[in-house]
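Undergrad: So here's entry29.cif (mmCIF, C-alpha atoms).
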data_start
#
loop_
_atom_site.label_atom_id
_atom_site.label_comp_id
_atom_site.auth_asym_id
_atom_site.auth_seq_id
_atom_site.Cartn_x
_atom_site.Cartn_y
_atom_site.Cartn_z
CA MET A 1 -12.72 -120.54 67.36
CA ASN A 2 -13.25 -116.82 67.14
CA LYS A 3 -10.67 -114.41 65.80
CA ARG A 4 -9.42 -113.34 69.23
CA ASP A 5 -8.71 -116.90 70.45
CA GLY A 6 -6.91 -117.66 67.22
CA ARG A 7 -4.65 -114.68 67.76
CA LEU A 8 -3.93 -115.66 71.35
CA ILE A 9 -2.96 -119.17 70.37
CA LYS A 10 -0.79 -117.89 67.59
CA GLY A 11 0.82 -115.41 69.97
CA GLU A 12 1.60 -118.17 72.44
CA ALA A 13 3.14 -120.29 69.68
CA THR A 14 5.33 -117.39 68.57
CA ARG A 15 6.44 -116.77 72.13
CA THR A 16 7.36 -120.43 72.58
CA ARG A 17 9.27 -120.43 69.33
CA LEU A 18 11.23 -117.37 70.46
CA VAL A 19 12.11 -118.97 73.78
CA GLU A 20 13.27 -122.18 72.12
CA THR A 21 15.32 -120.24 69.57
CA ALA A 22 16.86 -118.11 72.29
CA LEU A 23 17.99 -121.21 74.15
CA SER A 24 19.97 -122.52 71.21
CA VAL A 25 21.33 -119.12 70.15
CA PHE A 26 22.50 -118.30 73.70
CA ALA A 27 24.09 -121.73 74.04
CA GLU A 28 25.87 -121.48 70.72
CA LYS A 29 26.86 -117.85 70.61
CA GLY A 30 26.94 -116.99 74.27
CA PHE A 31 24.40 -114.80 76.06
CA ALA A 32 26.66 -111.75 76.19
CA ARG A 33 27.54 -111.94 72.51
CA ALA A 34 24.10 -112.74 71.09
CA THR A 35 22.18 -109.71 69.82
CA ILE A 36 18.45 -109.21 69.37
CA LYS A 37 19.20 -109.14 65.66
CA ASP A 38 20.83 -112.61 65.87
CA LEU A 39 17.80 -113.90 67.72
CA GLY A 40 15.44 -112.41 65.15
CA VAL A 41 17.36 -113.93 62.27
CA ALA A 42 17.44 -117.36 63.93
CA ALA A 43 13.71 -117.24 64.67
CA GLY A 44 12.90 -115.82 61.24
CA MET A 45 11.22 -112.66 62.49
CA SER A 46 11.95 -108.99 62.75
CA PRO A 47 13.47 -107.54 65.93
CA ALA A 48 10.31 -105.41 66.24
CA ILE A 49 8.15 -108.50 66.71
CA LEU A 50 10.65 -109.86 69.19
CA TYR A 51 10.43 -106.65 71.22
CA HIS A 52 6.68 -107.02 71.18
CA TYR A 53 7.03 -110.23 73.21
CA PHE A 54 10.13 -109.49 75.30
CA LYS A 55 11.63 -106.26 76.57
CA GLY A 56 15.11 -107.54 75.80
CA LYS A 57 17.64 -110.31 76.10
CA GLU A 58 17.40 -110.40 79.89
CA GLU A 59 13.70 -111.08 79.82
CA LEU A 60 14.21 -113.75 77.18
CA LEU A 61 16.79 -115.50 79.35
CA GLN A 62 14.36 -115.37 82.23
CA ALA A 63 11.70 -116.98 80.04
CA VAL A 64 14.17 -119.66 78.92
CA VAL A 65 15.02 -120.51 82.53
CA GLU A 66 11.35 -120.65 83.50
CA ARG A 67 10.50 -122.91 80.60
CA TYR A 68 13.32 -125.37 81.26
CA SER A 69 13.49 -125.12 85.03
CA PHE A 70 13.67 -128.48 86.82
CA VAL A 71 12.53 -127.11 90.17
CA GLY A 72 8.94 -128.26 89.63
CA ASP A 73 10.13 -131.83 88.95
CA VAL A 74 12.29 -131.82 92.08
CA ARG A 75 9.37 -130.59 94.18
CA GLN A 76 7.08 -133.32 92.83
CA LEU A 77 9.69 -136.01 93.46
CA ILE A 78 10.17 -134.86 97.04
CA ASP A 79 6.42 -134.77 97.63
CA ALA A 80 6.06 -138.28 96.24
CA GLY A 81 9.14 -139.82 97.85
CA GLU A 82 9.46 -138.20 101.25
CA SER A 83 8.42 -141.39 103.06
CA LEU A 84 10.74 -143.74 101.14
CA PRO A 85 13.99 -144.93 102.73
CA VAL A 86 16.58 -142.17 102.26
CA GLY A 87 18.86 -144.24 100.00
CA ASP A 88 16.06 -145.29 97.66
CA PHE A 89 14.70 -141.80 97.45
CA LEU A 90 18.07 -140.16 96.79
CA LYS A 91 18.93 -142.64 94.06
CA THR A 92 15.58 -142.11 92.36
CA LEU A 93 15.89 -138.36 92.65
CA ALA A 94 19.51 -138.25 91.51
CA ARG A 95 18.87 -140.50 88.51
CA ARG A 96 15.89 -138.39 87.51
CA PHE A 97 17.94 -135.22 87.89
CA TYR A 98 20.63 -136.78 85.69
CA ILE A 99 18.03 -137.35 82.96
CA LEU A 100 16.62 -133.83 83.36
CA ILE A 101 20.09 -132.35 82.97
CA GLY A 102 20.62 -134.50 79.88
CA GLU A 103 17.49 -132.95 78.36
CA ARG A 104 18.73 -129.45 79.18
CA LEU A 105 22.36 -129.51 78.12
CA ASP A 106 21.99 -126.24 76.21
CA LEU A 107 20.76 -124.48 79.33
CA VAL A 108 23.60 -125.97 81.38
CA ARG A 109 26.03 -124.87 78.69
CA ILE A 110 24.85 -121.25 79.00
CA PHE A 111 25.28 -121.39 82.78
CA LEU A 112 28.71 -123.00 82.68
CA GLN A 113 29.98 -120.68 79.99
CA GLU A 114 28.82 -117.44 81.48
CA GLY A 115 27.80 -118.14 85.05
CA ALA A 116 31.00 -116.51 86.26
CA SER A 117 31.46 -113.74 83.73
CA ASN A 118 28.00 -112.35 83.03
CA LYS A 119 25.85 -110.84 85.77
CA THR A 120 22.49 -111.68 84.21
CA VAL A 121 23.45 -115.30 83.60
CA ALA A 122 24.94 -115.56 87.08
CA ALA A 123 21.75 -114.28 88.65
CA ALA A 124 19.61 -116.73 86.67
CA TRP A 125 21.89 -119.67 87.53
CA LYS A 126 22.07 -118.72 91.17
CA GLY A 127 18.31 -118.28 91.32
CA LEU A 128 17.59 -121.67 89.79
CA LEU A 129 20.16 -123.45 91.96
CA SER A 130 19.04 -121.84 95.16
CA GLN A 131 15.40 -122.81 94.55
CA GLY A 132 16.39 -126.42 93.95
CA PHE A 133 18.89 -126.50 96.80
CA THR A 134 16.45 -124.96 99.26
CA LEU A 135 13.86 -127.64 98.48
CA LEU A 136 16.43 -130.38 98.96
CA CYS A 137 17.94 -128.88 102.09
CA GLY A 138 14.43 -128.96 103.53
CA TYR A 139 14.23 -132.67 102.75
CA PHE A 140 17.63 -133.42 104.33
CA ASN A 141 16.91 -131.39 107.43
CA ARG A 142 13.59 -133.21 107.92
CA GLN A 143 15.41 -136.53 107.63
CA VAL A 144 17.87 -135.31 110.25
CA ALA A 145 14.99 -134.28 112.51
CA LEU A 146 13.48 -137.75 112.05
CA GLY A 147 16.77 -139.31 113.13
CA ARG A 148 17.36 -141.01 109.79
CA LEU A 149 20.45 -138.95 109.06
CA LYS A 150 22.99 -137.62 111.47
CA PRO A 151 23.12 -133.86 111.98
CA HIS A 152 25.27 -132.25 109.32
CA ASN A 153 25.38 -129.24 107.06
CA ALA A 154 22.75 -130.16 104.48
CA GLU A 155 23.84 -127.36 102.17
CA VAL A 156 27.15 -129.11 101.61
CA THR A 157 25.50 -132.47 100.89
CA VAL A 158 22.95 -131.01 98.52
CA ARG A 159 25.59 -129.11 96.56
CA THR A 160 27.97 -132.06 96.42
CA LEU A 161 25.21 -134.23 94.98
CA GLY A 162 23.72 -131.60 92.73
CA VAL A 163 26.82 -130.22 91.08
CA SER A 164 28.49 -133.64 90.78
CA ILE A 165 25.53 -134.81 88.73
CA VAL A 166 25.48 -131.66 86.57
CA MET A 167 29.21 -132.08 85.86
CA LEU A 168 28.90 -135.83 85.32
CA ARG A 169 26.19 -135.41 82.73
CA PHE A 170 27.70 -132.34 81.10
CA THR A 171 31.15 -133.85 80.64
CA GLU A 172 30.03 -137.39 79.92
CA GLY A 173 30.59 -136.92 76.21
CA VAL A 174 34.13 -135.72 76.84
CA PHE A 175 35.51 -137.70 79.77
CA PRO A 176 33.03 -140.28 81.01
CA PRO A 177 33.79 -142.32 84.14
CA GLN A 178 36.16 -145.13 83.26
CA THR A 179 34.55 -147.92 85.23
CA VAL A 180 30.82 -147.29 85.51
CA SER A 181 27.85 -145.87 83.60
CA GLY A 182 26.28 -142.57 84.65
CA PRO A 183 23.41 -144.15 86.63
CA GLU A 184 25.78 -146.61 88.34
CA PHE A 185 28.02 -143.70 89.24
CA ILE A 186 25.04 -142.00 90.87
CA ASP A 187 24.09 -145.08 92.92
CA GLN A 188 27.64 -145.43 94.23
CA LEU A 189 27.90 -141.71 94.93
CA VAL A 190 24.72 -141.90 97.02
CA ASP A 191 25.93 -145.05 98.81
CA ASN A 192 29.30 -143.45 99.61
CA LEU A 193 27.68 -140.31 100.91
CA LEU A 194 25.04 -142.12 102.93
CA SER A 195 27.16 -144.54 104.85
CA GLY A 196 28.83 -141.40 106.09
CA LEU A 197 25.62 -139.70 107.03
CA LEU A 198 23.52 -142.46 108.53
CA PRO A 199 23.58 -142.61 112.33
CA VAL A 200 24.29 -146.35 112.29
CA SER A 201 27.65 -145.81 110.62
CA GLY A 202 30.58 -146.68 112.87
CA CYS A 203 32.40 -143.42 113.19
CA GLU A 204 32.09 -139.70 113.23
CA PRO A 205 34.13 -138.62 110.25
CA GLY A 206 35.84 -135.68 111.91
CA GLN A 207 36.92 -137.68 114.94
CA ALA A 208 37.80 -140.81 113.04
CA GLN A 209 40.33 -138.95 110.98
CA GLY A 210 41.63 -136.99 113.95
CA HIS A 211 40.87 -133.83 112.09
CA THR A 212 38.38 -131.25 113.19
CA VAL A 213 36.13 -129.19 111.04
CA LYS A 214 35.99 -125.50 111.68
CA ILE A 215 32.22 -125.22 111.75
CA ASP A 216 29.84 -127.65 113.36
CA GLY A 217 27.48 -128.13 110.45
CA GLY A 218 24.80 -129.85 112.51
CA ARG A 219 24.54 -127.20 115.11
CA ALA A 220 24.95 -124.28 112.76
CA TYR A 221 22.49 -125.33 110.09
CA GLY A 222 20.85 -128.66 110.75
CA LYS A 223 18.30 -127.42 113.22
CA GLY A 224 17.63 -124.14 111.55
CA ARG A 225 14.12 -124.96 110.50
CA MET B 1 74.34 -146.82 85.93
CA THR B 2 78.02 -146.83 84.95
CA GLU B 3 80.02 -143.86 83.88
CA HIS B 4 80.49 -145.32 80.42
CA SER B 5 76.83 -145.58 79.68
CA VAL B 6 76.33 -141.87 79.94
CA LYS B 7 77.47 -139.97 76.95
CA PRO B 8 78.60 -136.62 78.21
CA GLU B 9 76.39 -134.03 76.66
CA ARG B 10 77.81 -130.79 75.49
CA LEU B 11 76.91 -128.27 78.13
CA HIS B 12 74.35 -126.06 76.53
CA ARG B 13 73.94 -122.72 78.14
CA PRO B 14 71.03 -120.72 76.86
CA THR B 15 72.26 -117.84 74.80
CA TRP B 16 70.69 -114.42 74.73
CA ARG B 17 68.94 -115.44 71.51
CA ASP B 18 67.51 -118.59 73.10
CA GLU B 19 66.20 -116.65 76.03
CA LYS B 20 64.60 -114.11 73.78
CA ALA B 21 63.00 -116.87 71.72
CA GLU B 22 61.66 -118.54 74.86
CA GLU B 23 60.32 -115.24 76.09
CA ARG B 24 58.63 -114.57 72.78
CA ARG B 25 57.15 -118.07 72.67
CA ASN B 26 55.68 -117.63 76.15
CA GLN B 27 54.32 -114.25 75.22
CA LEU B 28 52.54 -115.78 72.23
CA ILE B 29 51.13 -118.58 74.39
CA ASP B 30 49.87 -116.18 77.04
CA THR B 31 48.26 -113.94 74.45
CA ALA B 32 46.62 -116.95 72.81
CA LEU B 33 45.19 -118.05 76.16
CA GLN B 34 43.52 -114.67 76.66
CA VAL B 35 42.19 -114.44 73.12
CA PHE B 36 40.89 -118.04 73.05
CA ALA B 37 39.17 -117.53 76.39
CA LYS B 38 37.54 -114.32 75.26
CA LYS B 39 36.67 -115.11 71.69
CA GLY B 40 36.56 -118.89 71.60
CA PHE B 41 39.12 -121.22 70.07
CA ASP B 42 37.05 -121.95 67.01
CA LYS B 43 36.34 -118.34 66.13
CA THR B 44 39.89 -117.08 66.55
CA SER B 45 42.14 -116.96 63.50
CA VAL B 46 45.94 -117.09 63.51
CA ARG B 47 45.87 -113.63 61.99
CA GLU B 48 43.94 -112.29 64.98
CA LEU B 49 46.34 -113.99 67.36
CA ALA B 50 49.30 -112.41 65.61
CA ALA B 51 47.64 -109.01 65.73
CA ALA B 52 46.85 -109.36 69.44
CA ALA B 53 50.46 -110.33 70.17
CA GLY B 54 51.78 -107.58 67.89
CA VAL B 55 53.80 -109.90 65.67
CA ALA B 56 53.72 -110.90 62.03
CA GLN B 57 51.63 -113.90 61.09
CA GLY B 58 54.72 -115.62 59.70
CA LEU B 59 56.36 -115.47 63.10
CA MET B 60 53.38 -117.23 64.67
CA TYR B 61 53.92 -120.11 62.27
CA HIS B 62 57.62 -120.10 63.03
CA TYR B 63 56.82 -120.93 66.65
CA PHE B 64 53.66 -123.03 66.19
CA LYS B 65 52.83 -125.10 63.17
CA SER B 66 49.09 -124.65 63.65
CA LYS B 67 46.41 -123.27 65.92
CA ASP B 68 45.97 -126.77 67.36
CA LYS B 69 49.66 -126.90 68.29
CA LEU B 70 49.31 -123.50 69.90
CA LEU B 71 46.41 -124.71 72.04
CA GLU B 72 48.47 -127.72 73.09
CA ALA B 73 51.25 -125.36 74.13
CA VAL B 74 48.77 -123.20 76.06
CA VAL B 75 47.56 -126.20 78.01
CA GLU B 76 51.07 -127.47 78.63
CA ARG B 77 52.15 -124.12 80.05
CA HIS B 78 48.99 -123.43 82.02
CA SER B 79 47.76 -126.84 83.15
CA PHE B 80 47.34 -127.52 86.87
CA LEU B 81 48.68 -131.06 86.70
CA PRO B 82 52.30 -130.41 87.74
CA GLN B 83 51.17 -128.60 90.91
CA LEU B 84 48.62 -131.32 91.68
CA LYS B 85 51.29 -134.00 91.27
CA THR B 86 53.70 -132.18 93.57
CA LEU B 87 50.99 -131.66 96.18
CA LEU B 88 49.95 -135.29 96.29
CA ALA B 89 53.55 -136.44 96.40
CA THR B 90 54.48 -134.16 99.33
CA LEU B 91 51.45 -135.13 101.38
CA GLN B 92 51.48 -138.86 100.63
CA SER B 93 52.17 -139.98 104.22
CA GLU B 94 49.56 -137.77 105.97
CA PRO B 95 46.07 -139.03 106.99
CA ALA B 96 43.58 -139.20 104.12
CA ALA B 97 41.25 -136.58 105.60
CA LYS B 98 44.05 -134.07 105.86
CA VAL B 99 45.40 -134.79 102.39
CA LEU B 100 42.02 -134.64 100.66
CA LYS B 101 41.10 -131.40 102.39
CA ALA B 102 44.43 -129.78 101.60
CA VAL B 103 44.51 -131.02 98.01
CA GLY B 104 40.84 -130.17 97.49
CA TYR B 105 41.33 -126.64 98.68
CA GLN B 106 44.55 -126.08 96.78
CA PHE B 107 42.95 -127.51 93.66
CA PHE B 108 40.16 -124.98 94.13
CA GLU B 109 42.68 -122.14 94.51
CA LEU B 110 44.65 -123.36 91.52
CA LEU B 111 41.56 -123.42 89.33
CA GLY B 112 40.92 -119.82 90.36
CA GLN B 113 44.13 -118.88 88.60
CA LYS B 114 43.13 -120.91 85.55
CA GLU B 115 39.93 -119.09 84.77
CA SER B 116 40.84 -118.44 81.14
CA LEU B 117 41.78 -122.04 80.58
CA MET B 118 38.53 -123.26 82.09
CA ASN B 119 36.63 -120.79 79.91
CA ILE B 120 38.06 -122.37 76.78
CA PHE B 121 36.98 -125.81 77.91
CA PHE B 122 33.50 -124.88 79.06
CA HIS B 123 32.91 -122.94 75.86
CA GLU B 124 34.03 -125.46 73.35
CA THR B 125 33.38 -128.89 74.70
CA GLN B 126 31.43 -129.81 71.63
CA SER B 127 32.39 -127.50 68.84
CA HIS B 128 35.97 -128.32 68.01
CA PRO B 129 37.44 -131.83 68.24
CA ILE B 130 40.80 -130.81 69.64
CA VAL B 131 39.37 -128.96 72.65
CA PRO B 132 37.53 -131.96 74.12
CA ARG B 133 40.50 -134.19 73.31
CA ILE B 134 42.83 -132.02 75.35
CA TRP B 135 40.30 -131.52 78.12
CA ARG B 136 39.78 -135.26 78.34
CA SER B 137 43.48 -135.88 78.67
CA ILE B 138 44.00 -133.32 81.46
CA MET B 139 40.90 -134.38 83.39
CA ASN B 140 41.67 -138.06 83.07
CA GLU B 141 45.23 -137.53 84.17
CA GLY B 142 44.13 -135.35 87.09
CA ILE B 143 41.45 -137.80 88.17
CA THR B 144 43.91 -140.68 87.84
CA LEU B 145 46.26 -138.85 90.20
CA PHE B 146 43.48 -138.56 92.80
CA GLN B 147 42.48 -142.14 92.15
CA ASN B 148 45.98 -143.56 92.54
CA TYR B 149 46.22 -141.80 95.84
CA LEU B 150 42.88 -143.26 97.01
CA ASP B 151 43.83 -146.76 95.78
CA GLU B 152 46.99 -146.52 97.85
CA ARG B 153 44.93 -145.62 100.94
CA VAL B 154 42.66 -148.60 100.26
CA LYS B 155 45.70 -150.85 99.98
CA VAL B 156 47.10 -149.78 103.36
CA GLY B 157 43.64 -150.22 104.94
CA GLU B 158 42.94 -146.58 105.70
CA LEU B 159 39.91 -146.58 103.39
CA LYS B 160 37.56 -149.44 102.68
CA PRO B 161 37.63 -151.01 99.23
CA HIS B 162 35.36 -149.11 96.89
CA ASN B 163 35.25 -147.68 93.40
CA THR B 164 37.84 -144.92 93.72
CA ASP B 165 36.97 -143.59 90.26
CA VAL B 166 33.62 -142.48 91.71
CA THR B 167 35.20 -140.79 94.72
CA ALA B 168 37.91 -139.05 92.73
CA ARG B 169 35.35 -137.76 90.26
CA THR B 170 32.90 -136.65 92.91
CA LEU B 171 35.60 -134.48 94.46
CA ALA B 172 36.92 -133.18 91.16
CA TYR B 173 33.49 -132.55 89.60
CA THR B 174 32.27 -130.62 92.61
CA ILE B 175 35.34 -128.46 92.94
CA VAL B 176 35.61 -127.74 89.21
CA LEU B 177 31.97 -126.78 88.87
CA LEU B 178 31.85 -124.72 92.04
CA ARG B 179 34.91 -122.81 90.91
CA GLY B 180 33.92 -122.64 87.28
CA THR B 181 30.57 -120.99 87.87
CA GLY B 182 31.70 -118.90 90.78
CA VAL B 183 28.23 -118.30 92.12
CA ALA B 184 27.29 -121.76 93.26
CA PHE B 185 28.65 -121.48 96.79
CA TYR B 186 26.14 -120.63 99.41
CA HIS B 187 27.10 -117.37 101.03
CA ARG B 188 27.09 -118.89 104.49
CA THR B 189 29.56 -121.64 103.66
CA ARG B 190 32.97 -120.47 102.55
CA PRO B 191 34.86 -122.62 100.05
CA GLU B 192 37.36 -123.93 102.57
CA GLU B 193 34.64 -124.98 105.02
CA PHE B 194 32.65 -126.47 102.19
CA ILE B 195 35.55 -128.61 101.04
CA ASN B 196 36.37 -129.70 104.61
CA GLN B 197 32.81 -130.78 105.22
CA MET B 198 32.46 -132.45 101.85
CA VAL B 199 35.57 -134.52 102.53
CA ASP B 200 34.30 -135.42 106.00
CA ASN B 201 30.94 -136.48 104.57
CA ILE B 202 32.47 -138.60 101.86
CA LEU B 203 35.11 -140.09 104.14
CA GLY B 204 32.59 -141.00 106.78
CA GLY B 205 31.23 -143.24 104.07
CA ILE B 206 34.41 -144.68 102.76
CA ALA B 207 36.61 -144.87 105.84
CA ALA B 208 37.21 -148.44 107.04
CA LYS B 209 34.87 -149.24 109.92
CA ASN B 210 37.70 -150.28 112.23
CA THR B 211 39.50 -146.94 112.20
#
Transcribe the structure of this file into structure tokens.
TA:
Amino acid sequence: MNKRDGRLIKGEATRTRLVETALSVFAEKGFARATIKDLGVAAGMSPAILYHYFKGKEELLQAVVERYSFVGDVRQLIDAGESLPVGDFLKTLARRFYILIGERLDLVRIFLQEGASNKTVAAAWKGLLSQGFTLLCGYFNRQVALGRLKPHNAEVTVRTLGVSIVMLRFTEGVFPPQTVSGPEFIDQLVDNLLSGLLPVSGCEPGQAQGHTVKIDGGRAYGKGR
Amino acid sequence: MTEHSVKPERLHRPTWRDEKAEERRNQLIDTALQVFAKKGFDKTSVRELAAAAGVAQGLMYHYFKSKDKLLEAVVERHSFLPQLKTLLATLQSEPAAKVLKAVGYQFFELLGQKESLMNIFFHETQSHPIVPRIWRSIMNEGITLFQNYLDERVKVGELKPHNTDVTARTLAYTIVLLRGTGVAFYHRTRPEEFINQMVDNILGGIAAKNT
């Protein structure tokens, strides 16, 4: 290894250490409240070195989100599972997502704490969600086009599934479901949702309940692609 | 109940002093809510709370034995459970779709007014034992309310038998998180439409086939 390679490797290690430290400092102290000085102290380096790697807190948050993003995993799962029956695929995906969230509770904590109050955090959260949601909406809309699901607003389904699982995992330590484990909860959630979405199901929900929805999800969004 | 069994209570009309005390107590609670939400429950001292409310520290202790008691009072005064209870009770006889949509949306609106309270919970789920304990009790009570309602609909045959804990939580989780992080709604789907469609999707799955 020549001197230059050694330096590059060392630089990469330092950068990684900074990103990992930033994750825990932001989660503990809050993004808005954490200072570059706090981050330096926690990582055991001077603010000057920190500035050498990142322009500021915002860039660090961006790096944290990139490092812990689950969008790549979701994309791989969709690529691998697209041809599976919808129920099997959604259960696999949802259970995997549940595990991914469990491994990223600090990141979720930052988003839940400051997603509404801090613009930078909100933008990062929104960006991550919309990437994941767009991928999944694509999947749902293709299933609709294939006739496996009835036309509906996929954005609603994707968000219901996605945020339920985030909340389930995040609050599991505080108020877990009374009757089922997390993974069982997910299976039943998918089953409940699907029997409402599959074309074989007996009734159109809006009509069955004698209650109309203001927007026709299928027409407005389902065929958008 | 017979007349004899009731011991006539001395009619107690609140005096000026009582009213003042009540007012002061509420003022302390409301200040505490703001300070906890901003600074975090753990990091706030009673001294800071007294300073923020503009009262002596001794007076704080006169009204609340401890910071924990103060947080309990905050939650009691600002919880959404009473409104949720009233809502479900008034709508009991309406069709499930209508009730769930109305309750879902009002729950969403209600949470919008409880931003500070939600902040405390999201911030300190792990750090201080009393915060999760209180959060657990409100959430469990709220979810039980939803669940009792759903169980009732199952009993009368409007919904098919299923695990109502899962349904109640799916609705509550989604609405809490969407409200709590503010930004999660897609700009093309407004909250009310979102909740309507979510209820329709879920009901399509849990409505009895013969309806």
Undergrad: Check what the PyMOL selection byres ((chain B and resi 73) around 10) selects in the file above and give those residues as a ChimeraX atom specification.
TA: /B:25-26,28-30,32-33,64,67-72,74-79
Undergrad: Could you list the residues chosen by the PyMOL selection byres ((chain B) within 6 of (chain A)) in this structure as a CSV table (one decimal) with C-alpha atoms, in the frame of the given file?
TA:
chain,number,residue,atom,x,y,z
B,97,ALA,CA,41.2,-136.6,105.6
B,122,PHE,CA,33.5,-124.9,79.1
B,123,HIS,CA,32.9,-122.9,75.9
B,132,PRO,CA,37.5,-132.0,74.1
B,136,ARG,CA,39.8,-135.3,78.3
B,170,THR,CA,32.9,-136.6,92.9
B,173,TYR,CA,33.5,-132.6,89.6
B,174,THR,CA,32.3,-130.6,92.6
B,181,THR,CA,30.6,-121.0,87.9
B,182,GLY,CA,31.7,-118.9,90.8
B,200,ASP,CA,34.3,-135.4,106.0
B,201,ASN,CA,30.9,-136.5,104.6
B,202,ILE,CA,32.5,-138.6,101.9
B,204,GLY,CA,32.6,-141.0,106.8
B,205,GLY,CA,31.2,-143.2,104.1
B,209,LYS,CA,34.9,-149.2,109.9
Undergrad: Edge lengths and centre in Å to one decimal, as JSON, of the axis-aligned box that encloses all listed atoms of range 18-21 of chain A with 4 Å added on every side?
TA:
{"center_x": 13.3, "center_y": -119.8, "center_z": 71.7, "size_x": 12.1, "size_y": 12.8, "size_z": 12.2}
Undergrad: Could you check the closest approach to Thr14 in chain A for each of A:Met45, A:Leu128, A:Leu146, A:Phe140 and tell me which residue wins, using all atoms listed in the file?
TA: A:Met45
Undergrad: Give me, please, the distance in Å between CA of Ala34 in chain A and CA of Arg7 in chain A, quoted to one decimal.
TA: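 Interatomic distance, CA of Ala34 in chain A to CA of Arg7 in chain A: 29.0 Å.
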Undergrad: Do you know which residues are at most 8 Å from Leu100 in chain A counting all atoms listed in the file, after dropping those on the same chain fewer than 4 positions away, and could you put them as a JSON list (two decimals) with C-alpha atoms, in the coordinates of the input?
TA:
[["chain", "number", "residue", "atom", "x", "y", "z"],
["A", 70, "PHE", "CA", 13.67, -128.48, 86.82],
["A", 96, "ARG", "CA", 15.89, -138.39, 87.51],
["A", 104, "ARG", "CA", 18.73, -129.45, 79.18]]
Undergrad: State, in Å with one decimal place, the distance from CA of Tyr68 in chain A to CA of Ala43 in chain A.
TA: 18.5 Å
Undergrad: Find the distance between CA of Glu193 in chain B and CA of Ala102 in chain B and write it in Å to one decimal.
TA: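 About the pair CA of Glu193 in chain B and CA of Ala102 in chain B: they are 11.4 Å apart.
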Undergrad: What residues come out when you apply the PyMOL selection byres ((chain A and resi 50) around 12) to this file, written as JSON, numbers by chain?
TA: {"A": [11, 14, 15, 16, 17, 18, 19, 21, 22, 35, 36, 37, 38, 39, 40, 41, 42, 43, 44, 45, 46, 47, 48, 49, 51, 52, 53, 54, 55, 56, 57, 59, 60]}
Undergrad: Find the residues of range 93-131 of chain B that sit at most 10 Å from range 144-153 of chain B; for each, write down the nearest two atoms and how far apart they are in Å, to one decimal. Count only C-alpha atoms. Sort by chain, then by number going up, and give it as CSV.
TA:
residue,atom,partner,partner_atom,distance
B:Ser93,CA,B:Arg153,CA,9.7
B:Pro95,CA,B:Arg153,CA,9.0
B:Ala96,CA,B:Arg153,CA,7.3
B:Val99,CA,B:Tyr149,CA,9.6
B:Leu100,CA,B:Phe146,CA,8.9
B:Val103,CA,B:Phe146,CA,9.2
B:Gly104,CA,B:Phe146,CA,10.0
Undergrad: Considering all atoms listed in the file, can you say which of A:Asp79, A:Ile9, A:Leu136, A:Ser69 comes closest to Glu103 in chain A?
TA: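 Ranking A:Asp79, A:Ile9, A:Leu136, A:Ser69 by distance to Glu103 in chain A, first place goes to A:Ser69.
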Undergrad: At a cut-off of 10 Å around the point (14.9, -132.2, 100.5) (file coordinates), what residues fall inside when counting all atoms listed in the file? I'd like the answer as a list of chain:residue names.
TA: A:Val74, A:Arg75, A:Leu77, A:Ile78, A:Asp79, A:Gly81, A:Glu82, A:Leu90, A:Gly132, A:Phe133, A:Thr134, A:Leu135, A:Leu136, A:Cys137, A:Gly138, A:Tyr139, A:Phe140, A:Asn141, A:Arg142, A:Gln143, A:Ala154, A:Val158
Undergrad: In the coordinates of the file, take the point (61.7, -111.6, 70.4) and a cut-off of 12 Å; then, counting all atoms listed in the file, name each qualifying protein, DNA or RNA residue as a ChimeraX atom specification.
TA: /B:16-28,53-56,59-60,62-63
Undergrad: Contacts of Val35 in chain B at 8 Å or less, counting only C-alpha atoms, minus same-chain residues fewer than 3 places along, as a VMD selection string?
TA: chain B and resid 31 to 32 38 to 40 44 49 52
Undergrad: As a PyMOL selection string, please: the residues near Leu107 in chain A (cut-off 9 Å, only C-alpha atoms, same-chain neighbours under 6 positions excluded).
TA: chain A and resi 23-24+26-27+64-65+68+101
Undergrad: How about saving the chosen residues, C-alpha atoms kept, as a PDB file, in the frame of the given file?
TA:
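Listing of result_32.pdb after writing:
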ATOM      1  CA  LEU A  23      17.990-121.210  74.150  1.00  0.00           C
ATOM      2  CA  SER A  24      19.970-122.520  71.210  1.00  0.00           C
ATOM      3  CA  PHE A  26      22.500-118.300  73.700  1.00  0.00           C
ATOM      4  CA  ALA A  27      24.090-121.730  74.040  1.00  0.00           C
ATOM      5  CA  VAL A  64      14.170-119.660  78.920  1.00  0.00           C
ATOM      6  CA  VAL A  65      15.020-120.510  82.530  1.00  0.00           C
ATOM      7  CA  TYR A  68      13.320-125.370  81.260  1.00  0.00           C
ATOM      8  CA  ILE A 101      20.090-132.350  82.970  1.00  0.00           C
TER       9      ILE A 101
END
